[in-house]
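Here's the structure we're looking at; comments come further down.
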Amino acid sequence: FGPLLLGKLKKSLHTPYIAILCAMYAVSFGILLAFDTRFMIMLAAFIVGFPWGGVFGIALLFIAQKSSNAKIAARLSAFAQGFGYLIAAQGQWIIGFFHDMFGNFTSSICILFIVGILVNIFGYLAYKSKVI
């Protein structure tokens with residue numbers, strides 16, 4: 001529902017909405033790092049659920065919005081999705097590797113926390129970029 005809600009908001013609220021949605025990744029992984037109670041784990045799972053679908057949809061929306069024509073949109077989409085899926089396919093392997101190496105998921109959650117911060121930075125840069 002991320003792009004749908006983004007379309008209904010005033011233009012002045014787009015930046016805070018995207019920032020909050022992207023920051024929810026880092027917040028949820030930060031909660032997982034800081035707390036280990038059942039309630040906090042469920043809260044982190046609830047919080048990470050919002051950006052999971054929303055950020056992906058907004059990323060696809062940015063591809064269409066920041067392209068001046070259909071040919072550029074197709075090329076940008078092929079690059080972004082191909083590269084993104086390639087990275088995503090490695091995620092499970094990397095998390096499993098760190099779990100086997102350290103015996104817990106703390107290092108993996110630290111990596112996901114950093115990725116959450118990077119999503120926030122790149123989401124902001126994509127929003128502010130000009131049409132190509």
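By convention in this document, the chains of the structure tokens carry letters A, B, ... by their order, each chain's residues are numbered from 1, and ligands are numbered from 1 in the order they are shown.
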Do a neighbour search on Phe98 in chain A at 7 Å with only C-alpha atoms, toss out local chain neighbours closer than 3 positions, and write the hits as a list in words. Ile94, Ile95, Met101, Phe102, Ser107 and Ser108 of chain A
Take the residues just selected and output them with C-alpha atoms as a PDB file, in the first residue's frame.
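Dumped everything to out-v4.pdb:
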```
ATOM      1  CA  ILE A  94      25.157 -14.561   3.827  1.00  0.00           C
ATOM      2  CA  ILE A  95      22.907 -14.687   6.900  1.00  0.00           C
ATOM      3  CA  MET A 101      30.456 -18.610  11.853  1.00  0.00           C
ATOM      4  CA  PHE A 102      29.317 -16.923  15.093  1.00  0.00           C
ATOM      5  CA  SER A 107      26.027 -10.193  13.256  1.00  0.00           C
ATOM      6  CA  SER A 108      23.387 -10.795  10.589  1.00  0.00           C
TER       7      SER A 108
END
```
Would you pick out the contacts of Ala34 in chain A at 12 Å or less, using only C-alpha atoms, so that residues sharing its chain but fewer than 5 positions from it are not included, and give the list as number ranges by chain? A: 27-29, 40-41, 44, 106, 109-110, 113
How far is it from CA of Leu6 in chain A to CA of Ser77 in chain A, in Å with one decimal?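 Distance between the two atoms: 20.0 Å.
Distance-wise, CA of Val115 in chain A and CA of Gly103 in chain A end up 21.2 Å apart.
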Report, in Å to a single decimal, how far apart CA of Pro51 in chain A and CA of Ala23 in chain A are.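 Taking CA of Ala23 in chain A and CA of Pro51 in chain A, their separation equals 8.5 Å.
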Closest contacts (range 6-44 of chain A/range 53-76 of chain A, max 9 Å, only C-alpha atoms) as a tab-separated table:
```
residue	atom	partner	partner_atom	distance
A:Leu6	CA	A:Ile58	CA	8.3
A:Ile18	CA	A:Val55	CA	8.0
A:Leu21	CA	A:Val55	CA	6.9
A:Cys22	CA	A:Val55	CA	6.7
```
Take the residues from that selection and write them out as a tab-separated table (two decimals), in the first residue's frame, keeping C-alpha atoms.
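Result saved to result-v5.tsv:
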```tsv
chain	number	residue	atom	x	y	z
A	6	LEU	CA	2.05	8.11	-1.45
A	18	ILE	CA	9.35	7.95	2.38
A	21	LEU	CA	8.89	4.09	5.70
A	22	CYS	CA	12.59	3.50	4.97
```
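Checking A:Ala26, A:Leu13, A:Ile20, A:Ala89 one by one against Leu118 in chain A, counting only C-alpha atoms, you find the shortest gap at A:Ala26.
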So that I can check the secondary structure, give me every residue of chain A assigned alpha helix (DSSP H) by backbone DSSP, as a VMD selection string. chain A and resid 2 to 8 14 to 34 38 to 65 70 to 102 106 to 128
